[in-house]
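Enquirer: As input, take input_32.pdb (PDB, C-alpha atoms):
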ATOM      1  CA  MET C   1       3.802  30.983 -55.006
ATOM      2  CA  ARG C   2       0.902  31.527 -52.853
ATOM      3  CA  SER C   3       0.895  34.847 -51.235
ATOM      4  CA  LEU C   4       1.197  34.524 -47.508
ATOM      5  CA  PHE C   5      -0.793  37.631 -47.066
ATOM      6  CA  ARG C   6      -4.233  37.584 -48.569
ATOM      7  CA  PRO C   7      -6.382  40.338 -47.098
ATOM      8  CA  GLY C   8      -9.497  38.798 -48.559
ATOM      9  CA  ASP C   9      -9.073  35.599 -46.516
ATOM     10  CA  LYS C  10      -8.753  37.243 -43.141
ATOM     11  CA  LYS C  11     -11.652  36.471 -40.890
ATOM     12  CA  ALA C  12     -12.712  39.370 -38.687
ATOM     13  CA  LEU C  13     -15.654  37.763 -36.896
ATOM     14  CA  SER C  14     -13.809  37.041 -33.665
ATOM     15  CA  ASN C  15     -13.017  40.701 -33.134
ATOM     16  CA  VAL C  16     -16.668  41.642 -33.435
ATOM     17  CA  ILE C  17     -17.671  39.032 -30.899
ATOM     18  CA  GLY C  18     -14.934  40.286 -28.594
ATOM     19  CA  TYR C  19     -16.135  43.861 -28.773
ATOM     20  CA  VAL C  20     -19.727  42.842 -28.288
ATOM     21  CA  LEU C  21     -18.887  40.812 -25.207
ATOM     22  CA  LEU C  22     -16.719  43.584 -23.793
ATOM     23  CA  ILE C  23     -19.422  46.170 -24.174
ATOM     24  CA  ALA C  24     -22.082  43.813 -22.824
ATOM     25  CA  ILE C  25     -20.051  43.024 -19.710
ATOM     26  CA  THR C  26     -19.232  46.681 -19.152
ATOM     27  CA  VAL C  27     -22.829  47.800 -19.498
ATOM     28  CA  SER C  28     -24.194  45.073 -17.242
ATOM     29  CA  LEU C  29     -21.546  45.651 -14.576
ATOM     30  CA  SER C  30     -22.154  49.374 -14.571
ATOM     31  CA  VAL C  31     -25.909  48.872 -14.193
ATOM     32  CA  MET C  32     -25.346  46.454 -11.303
ATOM     33  CA  VAL C  33     -22.932  48.761  -9.512
ATOM     34  CA  TYR C  34     -25.250  51.722  -9.980
ATOM     35  CA  GLY C  35     -28.237  49.848  -8.618
ATOM     36  CA  TRP C  36     -26.279  48.545  -5.648
ATOM     37  CA  LEU C  37     -24.623  51.867  -4.786
ATOM     38  CA  ARG C  38     -27.823  53.868  -5.174
ATOM     39  CA  PHE C  39     -29.316  51.878  -2.335
ATOM     40  CA  TYR C  40     -26.379  52.465   0.002
ATOM     41  CA  VAL C  41     -25.590  56.093  -0.787
ATOM     42  CA  SER C  42     -28.444  58.111   0.499
ATOM     43  CA  ALA C  43     -28.553  61.876   0.968
ATOM     44  CA  GLU C  44     -31.048  61.641   3.805
ATOM     45  CA  SER C  45     -30.257  60.169   7.161
ATOM     46  CA  VAL C  46     -32.637  59.178   9.929
ATOM     47  CA  ASP C  47     -34.006  62.340  11.503
ATOM     48  CA  GLU C  48     -32.339  63.469  14.683
ATOM     49  CA  CYS C  49     -32.755  66.297  17.132
ATOM     50  CA  PRO C  50     -30.327  69.169  16.757
ATOM     51  CA  SER C  51     -27.673  69.447  19.421
ATOM     52  CA  GLY C  52     -28.434  72.317  21.782
ATOM     53  CA  VAL C  53     -31.739  70.894  23.012
ATOM     54  CA  ASN C  54     -31.762  70.855  26.786
ATOM     55  CA  ILE C  55     -34.589  70.537  29.289
ATOM     56  CA  ILE C  56     -33.979  70.399  33.015
ATOM     57  CA  ILE C  57     -36.120  69.483  35.982
ATOM     58  CA  LYS C  58     -36.140  72.759  37.838
ATOM     59  CA  ASP C  59     -38.298  71.720  40.759
ATOM     60  CA  TYR C  60     -40.647  69.033  41.938
ATOM     61  CA  ILE C  61     -43.102  68.251  44.679
ATOM     62  CA  CYS C  62     -44.052  64.673  45.357
ATOM     63  CA  GLU C  63     -46.650  64.055  48.039
ATOM     64  CA  ARG C  64     -48.453  61.017  49.324
ATOM     65  CA  THR C  65     -50.930  62.541  51.714
ATOM     66  CA  GLY C  66     -53.212  60.607  54.003
ATOM     67  CA  SER C  67     -56.137  58.977  52.310
ATOM     68  CA  SER C  68     -55.570  60.439  48.853
ATOM     69  CA  PRO C  69     -53.066  58.685  46.606
ATOM     70  CA  GLY C  70     -50.959  61.826  46.229
ATOM     71  CA  TYR C  71     -49.398  63.580  43.267
ATOM     72  CA  LEU C  72     -46.223  64.620  41.519
ATOM     73  CA  ASN C  73     -45.918  68.271  40.604
ATOM     74  CA  ILE C  74     -42.991  69.033  38.355
ATOM     75  CA  THR C  75     -41.520  72.208  36.883
ATOM     76  CA  LEU C  76     -39.472  71.957  33.718
ATOM     77  CA  LYS C  77     -37.300  74.611  32.153
ATOM     78  CA  ASN C  78     -35.979  74.803  28.610
ATOM     79  CA  LYS C  79     -32.319  75.769  28.860
ATOM     80  CA  GLY C  80     -31.574  74.919  25.246
ATOM     81  CA  LEU C  81     -31.545  76.890  22.034
ATOM     82  CA  PHE C  82     -34.641  75.479  20.353
ATOM     83  CA  ASN C  83     -38.356  75.146  20.915
ATOM     84  CA  VAL C  84     -39.240  71.779  22.330
ATOM     85  CA  ASP C  85     -42.549  70.454  21.017
ATOM     86  CA  GLY C  86     -43.118  68.118  23.924
ATOM     87  CA  TYR C  87     -41.512  65.689  26.277
ATOM     88  CA  THR C  88     -41.815  62.171  27.617
ATOM     89  CA  LEU C  89     -41.908  61.911  31.368
ATOM     90  CA  ARG C  90     -40.958  58.579  32.888
ATOM     91  CA  VAL C  91     -40.649  57.498  36.493
ATOM     92  CA  HIS C  92     -39.339  54.594  38.470
ATOM     93  CA  ILE C  93     -40.111  53.175  41.868
ATOM     94  CA  ARG C  94     -36.551  52.142  42.647
ATOM     95  CA  ASP C  95     -33.157  53.767  42.442
ATOM     96  CA  ALA C  96     -32.535  53.080  38.755
ATOM     97  CA  GLU C  97     -30.607  54.638  35.898
ATOM     98  CA  PHE C  98     -33.689  55.465  33.861
ATOM     99  CA  GLY C  99     -37.440  55.555  34.222
ATOM    100  CA  ILE C 100     -39.592  52.867  32.684
ATOM    101  CA  TYR C 101     -43.125  53.907  33.653
ATOM    102  CA  VAL C 102     -44.415  56.589  31.291
ATOM    103  CA  PHE C 103     -46.538  59.235  32.987
ATOM    104  CA  ASP C 104     -46.731  61.589  30.061
ATOM    105  CA  GLU C 105     -45.727  60.984  26.451
ATOM    106  CA  ARG C 106     -46.967  64.273  25.017
ATOM    107  CA  GLY C 107     -45.958  67.017  27.403
ATOM    108  CA  SER C 108     -46.267  70.535  26.075
ATOM    109  CA  LEU C 109     -44.389  73.060  24.016
ATOM    110  CA  ILE C 110     -41.608  74.888  25.834
ATOM    111  CA  ALA C 111     -39.823  77.817  24.257
ATOM    112  CA  PRO C 112     -36.157  78.541  25.033
ATOM    113  CA  GLY C 113     -35.974  80.042  28.517
ATOM    114  CA  GLY C 114     -39.569  79.068  29.188
ATOM    115  CA  GLU C 115     -40.927  76.955  31.994
ATOM    116  CA  VAL C 116     -43.863  74.631  32.335
ATOM    117  CA  ASN C 117     -45.505  73.183  35.409
ATOM    118  CA  GLU C 118     -47.499  69.958  35.353
ATOM    119  CA  ARG C 119     -49.249  67.910  37.999
ATOM    120  CA  TYR C 120     -49.675  64.149  37.793
ATOM    121  CA  ASP C 121     -52.119  62.600  40.203
ATOM    122  CA  PHE C 122     -51.380  59.123  41.434
ATOM    123  CA  ASN C 123     -54.994  58.028  41.505
ATOM    124  CA  ASP C 124     -54.840  57.341  37.788
ATOM    125  CA  ASN C 125     -51.870  54.934  38.021
ATOM    126  CA  TYR C 126     -51.421  55.531  34.270
ATOM    127  CA  GLY C 127     -52.356  52.035  33.202
ATOM    128  CA  PHE C 128     -49.697  50.243  35.236
ATOM    129  CA  SER C 129     -50.368  47.463  37.687
ATOM    130  CA  GLN C 130     -47.549  48.511  39.983
ATOM    131  CA  ASP C 131     -48.062  50.921  42.814
ATOM    132  CA  LEU C 132     -46.457  54.098  41.497
ATOM    133  CA  THR C 133     -46.834  56.341  44.536
ATOM    134  CA  ASP C 134     -43.432  55.860  46.094
ATOM    135  CA  LEU C 135     -41.357  57.297  43.299
ATOM    136  CA  LYS C 136     -37.593  57.281  43.415
ATOM    137  CA  LEU C 137     -36.678  58.645  40.003
ATOM    138  CA  VAL C 138     -38.172  60.983  37.444
ATOM    139  CA  GLU C 139     -36.803  61.381  33.926
ATOM    140  CA  VAL C 140     -37.704  63.825  31.176
ATOM    141  CA  GLN C 141     -36.766  63.380  27.529
ATOM    142  CA  PRO C 142     -37.700  66.157  25.084
ATOM    143  CA  PHE C 143     -38.876  65.555  21.544
ATOM    144  CA  MET C 144     -39.518  67.627  18.442
ATOM    145  CA  MET C 145     -42.113  67.198  15.738
ATOM    146  CA  ASP C 146     -40.797  67.131  12.175
ATOM    147  CA  GLY C 147     -43.054  64.907  10.161
ATOM    148  CA  GLY C 148     -43.149  62.605  13.148
ATOM    149  CA  LYS C 149     -42.017  62.483  16.732
ATOM    150  CA  ILE C 150     -38.241  62.767  17.014
ATOM    151  CA  SER C 151     -36.974  62.049  20.496
ATOM    152  CA  CYS C 152     -33.836  63.883  21.528
ATOM    153  CA  ARG C 153     -30.893  62.091  23.080
ATOM    154  CA  SER C 154     -30.536  64.639  25.860
ATOM    155  CA  ARG C 155     -32.418  63.595  28.984
ATOM    156  CA  SER C 156     -32.780  64.983  32.434
ATOM    157  CA  LEU C 157     -32.943  62.736  35.490
ATOM    158  CA  GLU C 158     -33.646  63.538  39.091
ATOM    159  CA  LYS C 159     -33.698  61.248  42.064
ATOM    160  CA  ILE C 160     -36.738  62.145  44.118
ATOM    161  CA  SER C 161     -38.472  61.082  47.261
ATOM    162  CA  CYS C 162     -42.185  61.236  47.927
ATOM    163  CA  GLU C 163     -43.217  62.361  51.404
TER     164      GLU C 163
ATOM    165  CA  MET Q   1      -9.946  36.856 -63.603
ATOM    166  CA  LYS Q   2     -12.442  37.722 -60.978
ATOM    167  CA  LYS Q   3     -11.550  40.109 -58.285
ATOM    168  CA  GLY Q   4     -13.233  38.489 -55.294
ATOM    169  CA  GLY Q   5     -13.273  41.577 -53.095
ATOM    170  CA  PHE Q   6     -15.905  43.461 -55.070
ATOM    171  CA  ASN Q   7     -18.319  40.550 -55.462
ATOM    172  CA  ARG Q   8     -18.385  39.442 -51.801
ATOM    173  CA  ARG Q   9     -21.814  39.488 -50.267
ATOM    174  CA  GLY Q  10     -22.483  40.738 -46.781
ATOM    175  CA  LEU Q  11     -24.847  42.679 -44.590
ATOM    176  CA  SER Q  12     -25.266  46.366 -45.064
ATOM    177  CA  PRO Q  13     -23.559  48.465 -42.357
ATOM    178  CA  VAL Q  14     -26.899  49.704 -40.994
ATOM    179  CA  ILE Q  15     -28.291  46.245 -40.397
ATOM    180  CA  ALA Q  16     -24.995  45.102 -38.953
ATOM    181  CA  SER Q  17     -24.955  48.013 -36.483
ATOM    182  CA  VAL Q  18     -28.511  47.327 -35.378
ATOM    183  CA  LEU Q  19     -27.801  43.643 -34.914
ATOM    184  CA  MET Q  20     -24.675  44.404 -32.923
ATOM    185  CA  ILE Q  21     -26.512  46.770 -30.598
ATOM    186  CA  LEU Q  22     -29.267  44.229 -30.072
ATOM    187  CA  LEU Q  23     -26.735  41.537 -29.353
ATOM    188  CA  VAL Q  24     -24.991  43.756 -26.818
ATOM    189  CA  LEU Q  25     -28.210  44.500 -24.994
ATOM    190  CA  VAL Q  26     -29.279  40.867 -24.867
ATOM    191  CA  LEU Q  27     -25.908  39.736 -23.629
ATOM    192  CA  ALA Q  28     -25.842  42.536 -21.046
ATOM    193  CA  GLY Q  29     -29.193  41.400 -19.738
ATOM    194  CA  ILE Q  30     -28.115  37.753 -19.552
ATOM    195  CA  ILE Q  31     -24.906  38.592 -17.697
ATOM    196  CA  PHE Q  32     -26.786  40.947 -15.343
ATOM    197  CA  PHE Q  33     -29.378  38.378 -14.292
ATOM    198  CA  TRP Q  34     -26.744  35.708 -13.943
ATOM    199  CA  ALA Q  35     -24.502  37.839 -11.733
ATOM    200  CA  ARG Q  36     -27.419  39.088  -9.623
ATOM    201  CA  GLY Q  37     -27.703  35.642  -8.125
ATOM    202  CA  PHE Q  38     -24.345  36.101  -6.416
ATOM    203  CA  ILE Q  39     -25.394  39.204  -4.497
ATOM    204  CA  GLY Q  40     -26.864  38.469  -1.075
ATOM    205  CA  GLU Q  41     -30.326  39.715  -0.218
ATOM    206  CA  GLN Q  42     -30.465  43.271   1.045
ATOM    207  CA  ILE Q  43     -32.687  44.217   3.940
ATOM    208  CA  GLU Q  44     -34.040  47.724   4.079
ATOM    209  CA  LYS Q  45     -35.814  49.805   6.710
ATOM    210  CA  PHE Q  46     -37.409  53.172   6.031
ATOM    211  CA  GLY Q  47     -36.254  52.770   2.443
ATOM    212  CA  LYS Q  48     -32.602  52.661   3.436
ATOM    213  CA  PRO Q  49     -30.189  49.848   4.269
ATOM    214  CA  VAL Q  50     -31.042  48.463   7.660
ATOM    215  CA  GLU Q  51     -27.480  49.136   8.797
ATOM    216  CA  GLN Q  52     -28.234  52.875   8.679
ATOM    217  CA  ALA Q  53     -31.239  52.375  10.949
ATOM    218  CA  CYS Q  54     -29.007  50.378  13.320
ATOM    219  CA  SER Q  55     -26.746  53.379  13.833
ATOM    220  CA  SER Q  56     -29.783  55.412  14.956
ATOM    221  CA  ILE Q  57     -30.755  52.982  17.691
ATOM    222  CA  SER Q  58     -30.474  54.185  21.265
ATOM    223  CA  PHE Q  59     -31.456  52.062  24.216
ATOM    224  CA  LYS Q  60     -30.593  51.576  27.880
ATOM    225  CA  VAL Q  61     -30.487  48.280  29.707
ATOM    226  CA  GLU Q  62     -30.410  47.558  33.389
ATOM    227  CA  ARG Q  63     -30.201  44.186  35.010
ATOM    228  CA  VAL Q  64     -32.456  43.659  37.997
ATOM    229  CA  GLY Q  65     -31.391  40.723  40.094
ATOM    230  CA  ASP Q  66     -30.376  37.569  38.271
ATOM    231  CA  ASP Q  67     -33.305  37.059  35.987
ATOM    232  CA  LYS Q  68     -34.871  40.347  34.995
ATOM    233  CA  LEU Q  69     -34.040  43.031  32.488
ATOM    234  CA  GLU Q  70     -35.362  46.558  32.188
ATOM    235  CA  ILE Q  71     -34.928  48.062  28.753
ATOM    236  CA  LEU Q  72     -35.686  51.618  27.710
ATOM    237  CA  ASN Q  73     -35.805  52.550  24.029
ATOM    238  CA  ASP Q  74     -34.982  56.258  24.105
ATOM    239  CA  GLY Q  75     -34.283  56.453  20.380
ATOM    240  CA  ASN Q  76     -36.516  56.863  17.359
ATOM    241  CA  VAL Q  77     -36.372  53.339  15.952
ATOM    242  CA  ASP Q  78     -38.689  50.584  17.152
ATOM    243  CA  ILE Q  79     -36.706  47.568  18.294
ATOM    244  CA  PHE Q  80     -38.206  44.243  17.305
ATOM    245  CA  SER Q  81     -36.380  42.048  19.825
ATOM    246  CA  PHE Q  82     -32.998  41.500  21.482
ATOM    247  CA  ASN Q  83     -30.387  38.806  21.246
ATOM    248  CA  ILE Q  84     -28.430  38.091  24.402
ATOM    249  CA  LYS Q  85     -24.956  36.657  24.103
ATOM    250  CA  MET Q  86     -23.474  35.063  27.218
ATOM    251  CA  ILE Q  87     -19.741  34.439  27.232
ATOM    252  CA  LYS Q  88     -17.872  32.215  29.641
ATOM    253  CA  GLY Q  89     -14.268  31.355  28.992
ATOM    254  CA  GLY Q  90     -14.081  30.335  25.370
ATOM    255  CA  ASP Q  91     -17.712  29.332  25.159
ATOM    256  CA  SER Q  92     -20.665  31.486  24.233
ATOM    257  CA  GLU Q  93     -24.397  30.986  24.098
ATOM    258  CA  THR Q  94     -27.179  33.079  22.672
ATOM    259  CA  SER Q  95     -30.711  33.501  23.893
ATOM    260  CA  ARG Q  96     -33.512  35.806  22.872
ATOM    261  CA  PHE Q  97     -35.349  38.533  24.689
ATOM    262  CA  ALA Q  98     -38.358  38.375  22.424
ATOM    263  CA  PHE Q  99     -40.118  41.506  23.638
ATOM    264  CA  PRO Q 100     -40.432  44.423  21.233
ATOM    265  CA  VAL Q 101     -39.800  47.901  22.563
ATOM    266  CA  GLU Q 102     -41.266  50.794  20.641
ATOM    267  CA  ALA Q 103     -39.469  54.094  20.436
ATOM    268  CA  GLY Q 104     -39.969  56.050  23.659
ATOM    269  CA  LYS Q 105     -41.252  53.045  25.575
ATOM    270  CA  ALA Q 106     -39.723  50.717  28.148
ATOM    271  CA  VAL Q 107     -40.213  47.102  29.080
ATOM    272  CA  GLU Q 108     -39.253  44.898  31.984
ATOM    273  CA  ASN Q 109     -39.354  41.141  31.798
ATOM    274  CA  SER Q 110     -37.803  37.970  33.019
ATOM    275  CA  VAL Q 111     -34.979  36.445  31.060
ATOM    276  CA  THR Q 112     -32.600  33.548  31.501
ATOM    277  CA  LEU Q 113     -29.116  34.856  32.161
ATOM    278  CA  THR Q 114     -27.392  31.596  32.954
ATOM    279  CA  MET Q 115     -25.566  29.198  30.681
ATOM    280  CA  GLU Q 116     -27.009  25.814  29.782
ATOM    281  CA  ASP Q 117     -25.064  24.198  32.614
ATOM    282  CA  ASP Q 118     -26.661  26.714  35.034
ATOM    283  CA  SER Q 119     -23.378  28.544  35.551
ATOM    284  CA  TYR Q 120     -23.132  32.306  35.405
ATOM    285  CA  PRO Q 121     -21.450  33.863  32.363
ATOM    286  CA  ASP Q 122     -18.433  36.160  32.611
ATOM    287  CA  GLU Q 123     -19.912  38.607  30.124
ATOM    288  CA  VAL Q 124     -23.409  39.316  28.907
ATOM    289  CA  ILE Q 125     -23.916  41.403  25.781
ATOM    290  CA  ILE Q 126     -27.303  42.393  24.481
ATOM    291  CA  TYR Q 127     -27.840  43.210  20.798
ATOM    292  CA  PRO Q 128     -30.932  44.908  19.369
ATOM    293  CA  ALA Q 129     -32.691  43.371  16.398
ATOM    294  CA  LEU Q 130     -34.771  45.269  13.871
ATOM    295  CA  VAL Q 131     -37.250  43.963  11.364
ATOM    296  CA  GLY Q 132     -36.892  45.122   7.796
ATOM    297  CA  ASN Q 133     -38.109  44.304   4.304
ATOM    298  CA  VAL Q 134     -36.120  42.093   1.996
ATOM    299  CA  ARG Q 135     -35.504  44.285  -1.028
ATOM    300  CA  GLY Q 136     -37.426  43.159  -4.056
ATOM    301  CA  LYS Q 137     -39.676  40.807  -2.088
ATOM    302  CA  SER Q 138     -42.699  41.289   0.122
ATOM    303  CA  LEU Q 139     -41.003  39.585   3.028
ATOM    304  CA  ASN Q 140     -40.015  40.836   6.482
ATOM    305  CA  LYS Q 141     -36.861  39.623   8.091
ATOM    306  CA  PRO Q 142     -35.158  40.375  11.415
ATOM    307  CA  PHE Q 143     -31.675  41.853  11.392
ATOM    308  CA  THR Q 144     -29.405  41.905  14.423
ATOM    309  CA  CYS Q 145     -27.390  45.089  14.841
ATOM    310  CA  LEU Q 146     -24.084  43.588  15.890
ATOM    311  CA  ASP Q 147     -22.411  46.998  16.203
ATOM    312  CA  GLU Q 148     -24.917  48.267  18.782
ATOM    313  CA  GLY Q 149     -24.379  45.705  21.513
ATOM    314  CA  VAL Q 150     -24.421  46.796  25.147
ATOM    315  CA  MET Q 151     -22.617  44.906  27.884
ATOM    316  CA  ILE Q 152     -24.648  44.401  31.041
TER     317      ILE Q 152
END
Output the file's structure in the form of C-alpha cells.

Expert:
Amino acid sequence: MRSLFRPGDKKALSNVIGYVLLIAITVSLSVMVYGWLRFYVSAESVDECPSGVNIIIKDYICERTGSSPGYLNITLKNKGLFNVDGYTLRVHIRDAEFGIYVFDERGSLIAPGGEVNERYDFNDNYGFSQDLTDLKLVEVQPFMMDGGKISCRSRSLEKISCE
Amino acid sequence: MKKGGFNRRGLSPVIASVLMILLVLVLAGIIFFWARGFIGEQIEKFGKPVEQACSSISFKVERVGDDKLEILNDGNVDIFSFNIKMIKGGDSETSRFAFPVEAGKAVENSVTLTMEDDSYPDEVIIYPALVGNVRGKSLNKPFTCLDEGVMI
C-alpha cells in the first residue's frame, strides 16, 4: 500500500514564496511610511517671537505747519522682557484697524525699559502717491533678528490727529 | 533500492539565501514604486509641509466700501494671493484677489465683492494662498490655506 505520508514528495516552494512576499511587502511598506512620516514630523517649527515682547507708543507729535509739509515725531518704549531689534512703523490716513503705509521698516534696537524717539518728515512721502500728511492712525510692530527678520504678533496702535 | 533523499540535487544553502535576499529586495522595490503612485503629491514650503507654513500666517483684512480691500500681512510668511469665497443662501462663488503681500507689507486694491447676478453675498470669507514646491519635482504650485480664512 502506498504510504500516504511521503516526506520526500512534499513540495515546500510555496512557503518560500510566501515568506519572500511577506518580507518584501513589510520592508517596502516600512520604507514608505518612514519617508512619508519624516516629511511631516519635524522638530523645527517656523520661527516666532517669544511671548513677552511689548512695545508701546508712549508719545507722539504730529504737525502740519504752514508751508512745510510737517512731520510725525514718535516716542516708543519697550515694556517687554526682551531686546527688540527693530520695528515696522505703519500709518493710515483714515480711521482704520491697522496701518498700511510703511514709514519705517527697520526702526532701531530698543532694550527692555528703553525708549527711542524718531522723527518722520512728510516731505519724503515715503514712496506713496497718496498724501500722507493728515494721519489718523499709527501702528508699530516690533521684530527680532534670528537668521532673518521675525515679526512679532504684538502690535501697538494709536489713533492720532495731525494739527 | 535507492534512497531518494540522499541523492536529491538542490542549491547549496548559501546560494539559496543570497537568492532569497535578492528576490526580497527586488520585490520590495517593485511594490514600493507601484504603491507610490497612490500617494498624492506633497507640497512643501521652507522644507516642511505647506500646512505648517499655513498655521504661521497672520494677516488682517478690512473692507473699504463695496469694492476695495486693504490687507496687511503682519506675519512672517509671504502670501502669494487670496481666494475670496462669497456665500449667499445655499450658493457660493469664488473669486481671486491676485495681489501678493509680502511679510510686513500691506496692499489695497479693488476687488469684486458681488455675486455673478450682481447681488450682495451674505458672507464673504477670504483665504490666503501660498506657493510651495511640489516635492520631488522642480515645480511651484499654489496652496490655499483653508483653515486660515477670515470673514469680512

Enquirer: Please report as JSON lines every residue of chain C lying within 9 Å of chain Q, along with the nearest atom pair and their distance in Å (one decimal), using all atoms listed in the file.

Expert:
{"residue": "C:Gly8", "atom": "CA", "partner": "Q:Gly5", "partner_atom": "CA", "distance": 6.5}
{"residue": "C:Val16", "atom": "CA", "partner": "Q:Met20", "partner_atom": "CA", "distance": 8.5}
{"residue": "C:Val20", "atom": "CA", "partner": "Q:Val24", "partner_atom": "CA", "distance": 5.5}
{"residue": "C:Leu21", "atom": "CA", "partner": "Q:Val24", "partner_atom": "CA", "distance": 7.0}
{"residue": "C:Leu22", "atom": "CA", "partner": "Q:Val24", "partner_atom": "CA", "distance": 8.8}
{"residue": "C:Ile23", "atom": "CA", "partner": "Q:Val24", "partner_atom": "CA", "distance": 6.6}
{"residue": "C:Ala24", "atom": "CA", "partner": "Q:Ala28", "partner_atom": "CA", "distance": 4.4}
{"residue": "C:Ile25", "atom": "CA", "partner": "Q:Ala28", "partner_atom": "CA", "distance": 6.0}
{"residue": "C:Thr26", "atom": "CA", "partner": "Q:Ala28", "partner_atom": "CA", "distance": 8.0}
{"residue": "C:Val27", "atom": "CA", "partner": "Q:Ala28", "partner_atom": "CA", "distance": 6.3}
{"residue": "C:Ser28", "atom": "CA", "partner": "Q:Ala28", "partner_atom": "CA", "distance": 4.9}
{"residue": "C:Leu29", "atom": "CA", "partner": "Q:Phe32", "partner_atom": "CA", "distance": 7.1}
{"residue": "C:Val31", "atom": "CA", "partner": "Q:Phe32", "partner_atom": "CA", "distance": 8.1}
{"residue": "C:Met32", "atom": "CA", "partner": "Q:Phe32", "partner_atom": "CA", "distance": 7.0}
{"residue": "C:Phe39", "atom": "CA", "partner": "Q:Lys48", "partner_atom": "CA", "distance": 6.7}
{"residue": "C:Tyr40", "atom": "CA", "partner": "Q:Pro49", "partner_atom": "CA", "distance": 6.3}
{"residue": "C:Val41", "atom": "CA", "partner": "Q:Lys48", "partner_atom": "CA", "distance": 8.9}
{"residue": "C:Ser42", "atom": "CA", "partner": "Q:Lys48", "partner_atom": "CA", "distance": 7.5}
{"residue": "C:Ser45", "atom": "CA", "partner": "Q:Gln52", "partner_atom": "CA", "distance": 7.7}
{"residue": "C:Val46", "atom": "CA", "partner": "Q:Ser56", "partner_atom": "CA", "distance": 6.9}
{"residue": "C:Asp47", "atom": "CA", "partner": "Q:Asn76", "partner_atom": "CA", "distance": 8.4}
{"residue": "C:Glu48", "atom": "CA", "partner": "Q:Asn76", "partner_atom": "CA", "distance": 8.3}
{"residue": "C:Thr88", "atom": "CA", "partner": "Q:Gly104", "partner_atom": "CA", "distance": 7.5}
{"residue": "C:Ala96", "atom": "CA", "partner": "Q:Glu62", "partner_atom": "CA", "distance": 8.0}
{"residue": "C:Glu97", "atom": "CA", "partner": "Q:Glu62", "partner_atom": "CA", "distance": 7.5}
{"residue": "C:Phe98", "atom": "CA", "partner": "Q:Leu72", "partner_atom": "CA", "distance": 7.5}
{"residue": "C:Gly99", "atom": "CA", "partner": "Q:Leu72", "partner_atom": "CA", "distance": 7.8}
{"residue": "C:Ile100", "atom": "CA", "partner": "Q:Ala106", "partner_atom": "CA", "distance": 5.0}
{"residue": "C:Tyr101", "atom": "CA", "partner": "Q:Ala106", "partner_atom": "CA", "distance": 7.2}
{"residue": "C:Val102", "atom": "CA", "partner": "Q:Lys105", "partner_atom": "CA", "distance": 7.4}
{"residue": "C:Glu105", "atom": "CA", "partner": "Q:Gly104", "partner_atom": "CA", "distance": 8.1}
{"residue": "C:Gln141", "atom": "CA", "partner": "Q:Asp74", "partner_atom": "CA", "distance": 8.1}
{"residue": "C:Lys149", "atom": "CA", "partner": "Q:Asn76", "partner_atom": "CA", "distance": 7.9}
{"residue": "C:Ile150", "atom": "CA", "partner": "Q:Asn76", "partner_atom": "CA", "distance": 6.2}
{"residue": "C:Ser151", "atom": "CA", "partner": "Q:Asn76", "partner_atom": "CA", "distance": 6.1}
{"residue": "C:Cys152", "atom": "CA", "partner": "Q:Gly75", "partner_atom": "CA", "distance": 7.5}
{"residue": "C:Arg153", "atom": "CA", "partner": "Q:Gly75", "partner_atom": "CA", "distance": 7.1}

Enquirer: Using only C-alpha atoms, which of C:Pro50, C:Gly127, C:Pro142, C:Gly70 sits nearest Ser108 in chain C?

Expert: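 Counting only C-alpha atoms, the residue closest to Ser108 in chain C is C:Pro142.
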
Enquirer: Output the residue selection produced by the PyMOL selection byres ((chain C and resi 158) around 12) on the file above, formatted as a VMD selection string.

Expert: chain C and resid 56 to 61 74 to 76 89 to 92 95 to 99 135 to 141 155 to 157 159 to 161

Enquirer: Taking (-38.5, 76.5, 31.8) in the file's own coordinates, collect the residues within 9 Å, counting all atoms listed in the file, and hand them back as a PyMOL selection string.

Expert: chain C and resi 55-58+75-79+110-117

Enquirer: For Arg96 in chain Q, which residue among Q:Asp122, Q:Lys68, Q:Gly136, Q:Ala129 is the nearest when counting only C-alpha atoms?

Expert: Q:Ala129

Enquirer: So how far away is CA of Leu132 in chain C from CA of Leu72 in chain C, in Å?

Expert: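 Between these atoms lies a distance of 10.5 Å.
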
Enquirer: Please compute the CA of Glu123 in chain Q-CA of Ile84 in chain Q distance, one decimal, in Å.

Expert: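 Computing the Euclidean distance for CA of Glu123 in chain Q and CA of Ile84 in chain Q yields 10.3 Å.
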
Enquirer: Please identify all polymer residues lying at most 7 Å from the point (-26.5, 43.5, 16.9) (file coordinates), using all atoms listed in the file, and present the result as a list in words.

Expert: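 Those residues lying close to the given coordinates are Tyr127, Pro128, Ala129, Thr144, Cys145, Leu146, Asp147, Glu148 and Gly149 of chain Q.
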
Enquirer: Find the distance between CA of Arg64 in chain C and CA of Arg119 in chain C and write it in Å to one decimal.

Expert: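 If I compute the distance from CA of Arg64 in chain C to CA of Arg119 in chain C, I get 13.3 Å.
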
Enquirer: Need the shell around Met115 in chain Q: protein/DNA/RNA residues with any atom at most 9 Å away, counting all atoms listed in the file. Skip same-chain ones fewer than 3 positions apart. Format as JSON, numbers by chain?

Expert: {"Q": [86, 87, 88, 92, 93, 112, 118, 119, 120, 121]}

Enquirer: Suppose a student applies the PyMOL selection byres ((chain C and resi 120) around 7) to this structure; what residues should they get, written as a ChimeraX atom specification?

Expert: /C:71-73,118-119,121-122

Enquirer: Give as a compact mmCIF listing (two decimals) with C-alpha atoms, keeping the file's coordinate frame the residues that the PyMOL selection byres ((chain C and resi 53) around 7) matches when applied to the coordinates above.

Expert:
# COMPACT_ATOMS: atom_id res chain seq x y z
CA PRO C 50 -30.33 69.17 16.76
CA SER C 51 -27.67 69.45 19.42
CA GLY C 52 -28.43 72.32 21.78
CA ASN C 54 -31.76 70.86 26.79
CA ILE C 55 -34.59 70.54 29.29
CA GLY C 80 -31.57 74.92 25.25
CA LEU C 81 -31.54 76.89 22.03
CA PHE C 82 -34.64 75.48 20.35
CA SER C 154 -30.54 64.64 25.86

Enquirer: Edge lengths and centre, in Å to one decimal, as JSON: that's what I need for the box along x, y and z that holds all listed atoms of range 79-93 of chain C plus 5 Å on each side.

Expert:
{"center_x": -37.3, "center_y": 65.0, "center_z": 31.1, "size_x": 21.6, "size_y": 33.7, "size_z": 31.5}
